[in-house]
file coords-v1.txt (compact mmCIF, C-alpha atoms)
# COMPACT_ATOMS: atom_id res chain seq x y z
CA MET A 1 13.78 -27.27 52.55
CA GLY A 2 12.84 -30.90 52.02
CA THR A 3 13.72 -34.27 53.39
CA PRO A 4 16.26 -36.33 51.50
CA ASN A 5 14.99 -39.35 49.70
CA HIS A 6 17.67 -41.94 50.39
CA LYS A 7 16.45 -44.18 47.60
CA ASN A 8 17.43 -41.90 44.68
CA GLY A 9 19.35 -39.10 46.39
CA ARG A 10 16.78 -36.41 45.55
CA SER A 11 15.12 -34.30 48.14
CA ARG A 12 11.39 -34.00 48.27
CA GLN A 13 9.12 -31.39 49.71
CA SER A 14 7.32 -32.57 52.79
CA SER A 15 3.64 -31.82 52.88
CA GLY A 16 4.00 -29.36 55.75
CA ALA A 17 6.97 -27.43 54.35
CA THR A 18 6.66 -23.86 53.18
CA ASN A 19 8.66 -22.08 50.55
CA ARG A 20 10.36 -19.10 52.15
CA ASN A 21 10.61 -17.27 48.83
CA ALA A 22 6.90 -17.57 48.02
CA PRO A 23 4.70 -14.57 48.82
CA ALA A 24 2.40 -14.96 51.78
CA ALA A 25 -0.99 -16.34 50.86
CA ARG A 26 -3.55 -13.60 50.49
CA LYS A 27 -7.10 -14.04 51.55
CA SER A 28 -9.52 -13.37 48.68
CA PRO A 29 -12.23 -10.86 49.38
CA SER A 30 -15.46 -12.61 50.08
CA VAL A 31 -17.96 -12.50 47.26
CA ASP A 32 -21.62 -13.11 47.69
CA SER A 33 -22.08 -15.60 44.89
CA ARG A 34 -25.85 -15.12 44.96
CA LYS A 35 -25.56 -11.45 43.89
CA ASN A 36 -23.01 -12.01 41.09
CA ARG A 37 -24.36 -15.23 39.66
CA VAL A 38 -25.30 -15.22 35.98
CA THR A 39 -27.29 -18.08 34.63
CA THR A 40 -26.19 -19.86 31.48
CA ALA A 41 -29.38 -18.77 29.77
CA ASP A 42 -28.72 -15.11 30.63
CA PHE A 43 -25.11 -15.41 29.45
CA VAL A 44 -26.12 -16.96 26.13
CA ALA A 45 -28.91 -14.42 25.66
CA THR A 46 -26.39 -11.60 26.17
CA LEU A 47 -24.02 -13.14 23.60
CA VAL A 48 -26.83 -13.56 21.07
CA ARG A 49 -27.99 -9.97 21.63
CA GLU A 50 -24.45 -8.58 21.26
CA GLU A 51 -23.81 -10.59 18.10
CA ALA A 52 -27.10 -9.40 16.58
CA GLU A 53 -26.17 -5.79 17.35
CA TYR A 54 -22.70 -6.27 15.84
CA ARG A 55 -24.15 -7.84 12.67
CA ARG A 56 -26.55 -4.88 12.32
CA GLU A 57 -23.57 -2.51 12.57
CA GLN A 58 -21.66 -4.53 9.96
CA LEU A 59 -24.65 -4.42 7.61
CA ALA A 60 -25.11 -0.68 8.14
CA SER A 61 -21.41 -0.03 7.38
CA HIS A 62 -21.57 -2.33 4.33
CA GLU A 63 -18.88 -4.56 5.78
CA LEU A 64 -21.44 -7.33 5.24
CA LEU A 65 -23.83 -7.50 2.30
CA ARG A 66 -27.12 -9.29 1.78
CA GLY A 67 -27.26 -11.70 -1.14
CA PRO A 68 -29.04 -9.36 -3.59
CA GLU A 69 -26.48 -6.59 -2.91
CA LEU A 70 -23.52 -8.89 -3.46
CA ARG A 71 -25.07 -10.41 -6.58
CA ALA A 72 -25.69 -6.94 -8.02
CA LEU A 73 -22.08 -5.89 -7.42
CA LEU A 74 -20.72 -9.09 -8.94
CA GLN A 75 -23.42 -9.22 -11.64
CA ILE A 76 -24.16 -12.88 -10.91
CA SER A 77 -27.33 -14.91 -10.51
CA PRO A 78 -28.63 -16.38 -7.24
CA GLN A 79 -27.59 -19.79 -8.58
CA ALA A 80 -24.02 -18.59 -9.20
CA LEU A 81 -23.80 -17.25 -5.64
CA SER A 82 -25.08 -20.45 -4.08
CA GLY A 83 -22.72 -22.40 -6.37
CA ALA A 84 -19.77 -20.34 -5.09
CA VAL A 85 -20.80 -21.13 -1.50
CA ARG A 86 -21.19 -24.85 -2.31
CA ALA A 87 -17.76 -24.83 -3.98
CA LYS A 88 -16.40 -23.20 -0.78
CA ARG A 89 -15.11 -20.17 -2.73
CA PHE A 90 -17.47 -17.94 -0.68
CA TYR A 91 -18.98 -18.36 2.77
CA ALA A 92 -22.00 -16.89 4.46
CA LEU A 93 -22.65 -15.51 7.90
CA HIS A 94 -26.12 -14.85 9.27
CA ASP A 95 -27.82 -11.59 10.14
CA PRO A 96 -30.03 -11.22 13.23
CA ASP A 97 -32.97 -12.66 11.26
CA ALA A 98 -30.92 -15.76 10.27
CA VAL A 99 -30.66 -14.56 6.67
CA ALA A 100 -27.39 -15.27 4.88
CA VAL A 101 -25.05 -12.29 4.55
CA TYR A 102 -21.64 -12.13 2.92
CA PRO A 103 -18.43 -10.23 3.59
CA ALA A 104 -18.13 -7.26 1.25
CA PHE A 105 -14.57 -8.24 0.39
CA PHE A 106 -16.03 -10.90 -1.93
CA ALA A 107 -17.10 -8.00 -4.18
CA ASP A 108 -13.67 -6.36 -4.19
CA PRO A 109 -12.57 -5.90 -7.82
CA SER A 110 -8.86 -6.17 -6.95
CA PRO A 111 -6.79 -9.14 -8.09
CA ALA A 112 -6.60 -10.23 -4.43
CA ARG A 113 -10.23 -11.36 -4.64
CA LEU A 114 -9.22 -14.47 -6.55
CA SER A 115 -6.70 -15.23 -3.82
CA VAL A 116 -9.44 -14.76 -1.22
CA GLU A 117 -11.51 -17.39 -3.01
CA LEU A 118 -8.53 -19.75 -3.15
CA VAL A 119 -7.86 -19.33 0.57
CA CYS A 120 -11.56 -19.72 1.32
CA ARG A 121 -11.46 -23.11 -0.44
CA ALA A 122 -8.37 -24.08 1.57
CA LEU A 123 -10.37 -23.44 4.75
CA GLY A 124 -12.62 -26.28 3.66
CA SER A 125 -15.83 -27.00 5.49
CA LEU A 126 -15.21 -24.74 8.46
CA PRO A 127 -18.24 -22.68 9.48
CA GLY A 128 -18.54 -19.22 7.97
CA ALA A 129 -17.86 -17.56 11.33
CA ALA A 130 -14.57 -19.46 11.67
CA LYS A 131 -13.53 -18.49 8.14
CA HIS A 132 -14.45 -14.87 8.83
CA PHE A 133 -12.38 -14.92 12.01
CA PHE A 134 -9.43 -16.29 10.03
CA PHE A 135 -9.62 -13.59 7.34
CA THR A 136 -10.16 -10.64 9.68
CA SER A 137 -7.85 -11.35 12.64
CA ALA A 138 -4.35 -9.89 12.71
CA ARG A 139 -1.61 -12.52 12.77
CA PHE A 140 1.81 -12.19 14.34
CA SER A 141 3.27 -14.44 11.65
CA LEU A 142 2.08 -11.96 9.01
CA GLY A 143 3.72 -9.02 10.74
CA GLY A 144 0.50 -7.95 12.43
CA LEU A 145 -1.53 -8.00 9.20
CA THR A 146 -4.81 -9.79 8.72
CA PRO A 147 -4.80 -12.49 6.03
CA LEU A 148 -6.91 -10.12 3.90
CA GLN A 149 -4.29 -7.39 4.17
CA ALA A 150 -1.52 -9.90 3.47
CA LEU A 151 -3.31 -11.07 0.32
CA GLU A 152 -3.55 -7.47 -0.86
CA LYS A 153 0.23 -7.29 -0.49
CA GLY A 154 0.70 -10.46 -2.57
CA LYS A 155 1.46 -12.88 0.28
CA GLU A 156 -0.76 -15.63 -1.08
CA ALA A 157 1.60 -18.53 -0.33
CA GLU A 158 1.98 -17.54 3.33
CA VAL A 159 -1.76 -17.08 3.81
CA LEU A 160 -2.55 -20.39 2.08
CA ALA A 161 -0.11 -22.22 4.38
CA MET A 162 -1.75 -20.60 7.40
CA ALA A 163 -5.21 -21.51 6.12
CA GLU A 164 -4.28 -25.17 5.78
CA VAL A 165 -3.01 -25.26 9.36
CA PHE A 166 -6.06 -23.34 10.62
CA GLU A 167 -8.42 -25.75 8.85
CA GLU A 168 -6.71 -28.78 10.42
CA GLN A 169 -7.06 -27.49 13.97
call {"tool": "encode", "arguments": {"input": "coords-v1.txt", "output": "C-alpha cells"}}
result
Amino acid sequence: MGTPNHKNGRSRQSSGATNRNAPAARKSPSVDSRKNRVTTADFVATLVREEAEYRREQLASHELLRGPELRALLQISPQALSGAVRAKRFYALHDPDAVAVYPAFFADPSPARLSVELVCRALGSLPGAAKHFFFTSARFSLGGLTPLQALEKGKEAEVLAMAEVFEEQ
C-alpha cells in the first residue's frame, strides 16, 4: 500500500504506488479541438441572442410588461414608477432593444404584492436580473416553491430571511 513514515507512524503513498481498488484509467477519445472550438465572441453572441429571444417570449406572454402597460394597470404616473424603482420596491429588466421592462407580478392586485415590494427592497441594490432570478427560482428551503409562490401562501418572514442572505452573497 504505502511505505511507513517512521517519524509519525503514518504510512504514505509512494509516488509509484497504485490503488488496487481504483478503476483502470480510461483513455479519453481524441477530440479535434480545432473542429469543436467556440470563440468567446461566438459564445457571448449566442447568449445575447438566446436572452433576446427569451425576453421577446416573456413580453409576448405578458410575463414582462413595458412601462406604459404596467403604469396603466397600476394607474400610476411615469414619475411614480421611476420612484418605485429608485426606492428599490420595483426593479427593471431590459428587452432586446435595451428598453426597461417589468415583471407582471408587480401589477398583481393580491395582498402578496406588498410583500413582493418589501422583499424587493430587502434585495437591495442587486441588479434586476439577480432579483428576478431570486423571485422566480424554486427553493428547496421553501418546499420547492418559488419565493413568489411562497409569498402568495403567506410565508413572508421566510422569504424575507432568504432575501437578506441572497443579497449578502
call {"tool": "residues_around", "arguments": {"input": "coords-v1.txt", "residues": "Leu64 (chain A)", "least_positions_apart": "2", "cutoff": "12 Å", "atoms": "all atoms listed in the file", "output": "VMD selection string"}}
result
chain A and resid 54 to 62 66 to 70 91 to 95 99 to 107 132
call {"tool": "closest_atom_pairs", "arguments": {"input": "coords-v1.txt", "of": "region 34-134 of chain A", "to": "region 143-160 of chain A", "cutoff": "12 Å", "atoms": "all atoms listed in the file", "output": "tab-separated table"}}
result
residue	atom	partner	partner_atom	distance
A:Pro103	CA	A:Leu148	CA	11.5
A:Ala104	CA	A:Leu148	CA	11.9
A:Phe105	CA	A:Leu148	CA	8.6
A:Phe106	CA	A:Leu148	CA	10.9
A:Asp108	CA	A:Glu152	CA	10.7
A:Pro109	CA	A:Glu152	CA	11.5
A:Ser110	CA	A:Glu152	CA	8.2
A:Pro111	CA	A:Glu152	CA	8.1
A:Ala112	CA	A:Glu152	CA	5.4
A:Arg113	CA	A:Leu151	CA	8.5
A:Leu114	CA	A:Leu151	CA	9.7
A:Ser115	CA	A:Glu156	CA	6.6
A:Val116	CA	A:Leu151	CA	7.3
A:Glu117	CA	A:Leu160	CA	10.7
A:Leu118	CA	A:Leu160	CA	8.0
A:Val119	CA	A:Leu160	CA	5.6
A:Cys120	CA	A:Leu160	CA	9.1
A:Arg121	CA	A:Leu160	CA	9.7
A:Ala122	CA	A:Leu160	CA	6.9
A:Leu123	CA	A:Leu160	CA	8.8
A:Gly124	CA	A:Leu160	CA	11.8
A:Lys131	CA	A:Pro147	CA	10.8
A:His132	CA	A:Leu148	CA	10.2
A:Phe133	CA	A:Thr146	CA	9.7
A:Phe134	CA	A:Pro147	CA	7.2
call {"tool": "atom_distance", "arguments": {"input": "coords-v1.txt", "atom1": "CA of Arg37 (chain A)", "atom2": "CA of Glu50 (chain A)"}}
result
19.6 Å
call {"tool": "atom_distance", "arguments": {"input": "coords-v1.txt", "atom1": "CA of Gly128 (chain A)", "atom2": "CA of Gln79 (chain A)"}}
result
18.9 Å
call {"tool": "closest_residue", "arguments": {"input": "coords-v1.txt", "among": "A:Gln169, A:Phe135, A:Met162, A:Pro96", "to": "Glu53 (chain A)", "atoms": "all atoms listed in the file"}}
result
A:Pro96
call {"tool": "atom_distance", "arguments": {"input": "coords-v1.txt", "atom1": "CA of Ala98 (chain A)", "atom2": "CA of Arg71 (chain A)"}}
result
18.6 Å
call {"tool": "axis_aligned_box", "arguments": {"input": "coords-v1.txt", "around": "region 141-160 of chain A", "padding_each_side": "5 Å", "output": "JSON"}}
result
{"center_x": -1.6, "center_y": -13.8, "center_z": 4.9, "size_x": 20.6, "size_y": 23.1, "size_z": 25.0}
call {"tool": "decode", "arguments": {"input": "coords-v1.txt", "residues": "region 144-165 of chain A", "atoms": "N, CA and C atoms", "output": "PDB file, in the first residue's frame"}}
result
ATOM      1  N   GLY A 144     -39.806  23.579  -2.405  1.00  0.00           N
ATOM      2  CA  GLY A 144     -39.893  23.531  -3.866  1.00  0.00           C
ATOM      3  C   GLY A 144     -40.661  24.682  -4.481  1.00  0.00           C
ATOM      4  N   LEU A 145     -41.116  25.618  -3.653  1.00  0.00           N
ATOM      5  CA  LEU A 145     -41.830  26.795  -4.168  1.00  0.00           C
ATOM      6  C   LEU A 145     -40.846  27.885  -4.564  1.00  0.00           C
ATOM      7  N   THR A 146     -41.279  28.754  -5.453  1.00  0.00           N
ATOM      8  CA  THR A 146     -40.512  29.970  -5.714  1.00  0.00           C
ATOM      9  C   THR A 146     -40.850  30.953  -4.598  1.00  0.00           C
ATOM     10  N   PRO A 147     -40.008  31.948  -4.356  1.00  0.00           N
ATOM     11  CA  PRO A 147     -40.369  32.969  -3.373  1.00  0.00           C
ATOM     12  C   PRO A 147     -41.712  33.637  -3.691  1.00  0.00           C
ATOM     13  N   LEU A 148     -42.025  33.829  -4.960  1.00  0.00           N
ATOM     14  CA  LEU A 148     -43.325  34.409  -5.323  1.00  0.00           C
ATOM     15  C   LEU A 148     -44.469  33.519  -4.840  1.00  0.00           C
ATOM     16  N   GLN A 149     -44.352  32.238  -5.084  1.00  0.00           N
ATOM     17  CA  GLN A 149     -45.400  31.305  -4.652  1.00  0.00           C
ATOM     18  C   GLN A 149     -45.497  31.259  -3.130  1.00  0.00           C
ATOM     19  N   ALA A 150     -44.337  31.310  -2.474  1.00  0.00           N
ATOM     20  CA  ALA A 150     -44.331  31.292  -1.007  1.00  0.00           C
ATOM     21  C   ALA A 150     -45.000  32.546  -0.446  1.00  0.00           C
ATOM     22  N   LEU A 151     -44.777  33.687  -1.079  1.00  0.00           N
ATOM     23  CA  LEU A 151     -45.418  34.923  -0.626  1.00  0.00           C
ATOM     24  C   LEU A 151     -46.929  34.832  -0.781  1.00  0.00           C
ATOM     25  N   GLU A 152     -47.379  34.219  -1.863  1.00  0.00           N
ATOM     26  CA  GLU A 152     -48.823  34.030  -2.060  1.00  0.00           C
ATOM     27  C   GLU A 152     -49.432  33.160  -0.971  1.00  0.00           C
ATOM     28  N   LYS A 153     -48.616  32.288  -0.380  1.00  0.00           N
ATOM     29  CA  LYS A 153     -49.082  31.405   0.691  1.00  0.00           C
ATOM     30  C   LYS A 153     -48.839  32.013   2.074  1.00  0.00           C
ATOM     31  N   GLY A 154     -48.397  33.294   2.110  1.00  0.00           N
ATOM     32  CA  GLY A 154     -48.225  33.982   3.381  1.00  0.00           C
ATOM     33  C   GLY A 154     -46.901  33.744   4.090  1.00  0.00           C
ATOM     34  N   LYS A 155     -45.912  33.244   3.386  1.00  0.00           N
ATOM     35  CA  LYS A 155     -44.619  32.940   4.009  1.00  0.00           C
ATOM     36  C   LYS A 155     -43.646  34.117   3.883  1.00  0.00           C
ATOM     37  N   GLU A 156     -44.118  35.285   4.245  1.00  0.00           N
ATOM     38  CA  GLU A 156     -43.309  36.494   4.095  1.00  0.00           C
ATOM     39  C   GLU A 156     -42.023  36.453   4.920  1.00  0.00           C
ATOM     40  N   ALA A 157     -42.103  36.030   6.170  1.00  0.00           N
ATOM     41  CA  ALA A 157     -40.921  36.020   7.043  1.00  0.00           C
ATOM     42  C   ALA A 157     -39.818  35.124   6.467  1.00  0.00           C
ATOM     43  N   GLU A 158     -40.194  33.938   5.983  1.00  0.00           N
ATOM     44  CA  GLU A 158     -39.204  33.022   5.425  1.00  0.00           C
ATOM     45  C   GLU A 158     -38.552  33.609   4.182  1.00  0.00           C
ATOM     46  N   VAL A 159     -39.367  34.205   3.321  1.00  0.00           N
ATOM     47  CA  VAL A 159     -38.836  34.772   2.075  1.00  0.00           C
ATOM     48  C   VAL A 159     -37.952  35.986   2.381  1.00  0.00           C
ATOM     49  N   LEU A 160     -38.340  36.809   3.327  1.00  0.00           N
ATOM     50  CA  LEU A 160     -37.512  37.959   3.709  1.00  0.00           C
ATOM     51  C   LEU A 160     -36.148  37.504   4.240  1.00  0.00           C
ATOM     52  N   ALA A 161     -36.145  36.476   5.064  1.00  0.00           N
ATOM     53  CA  ALA A 161     -34.874  35.949   5.588  1.00  0.00           C
ATOM     54  C   ALA A 161     -33.994  35.448   4.450  1.00  0.00           C
ATOM     55  N   MET A 162     -34.600  34.753   3.502  1.00  0.00           N
ATOM     56  CA  MET A 162     -33.839  34.264   2.347  1.00  0.00           C
ATOM     57  C   MET A 162     -33.303  35.417   1.516  1.00  0.00           C
ATOM     58  N   ALA A 163     -34.101  36.460   1.353  1.00  0.00           N
ATOM     59  CA  ALA A 163     -33.687  37.615   0.553  1.00  0.00           C
ATOM     60  C   ALA A 163     -32.478  38.305   1.176  1.00  0.00           C
ATOM     61  N   GLU A 164     -32.479  38.415   2.483  1.00  0.00           N
ATOM     62  CA  GLU A 164     -31.347  39.064   3.156  1.00  0.00           C
ATOM     63  C   GLU A 164     -30.069  38.264   2.953  1.00  0.00           C
ATOM     64  N   VAL A 165     -30.166  36.947   3.027  1.00  0.00           N
ATOM     65  CA  VAL A 165     -28.990  36.108   2.792  1.00  0.00           C
ATOM     66  C   VAL A 165     -28.559  36.199   1.327  1.00  0.00           C
TER      67      VAL A 165
END
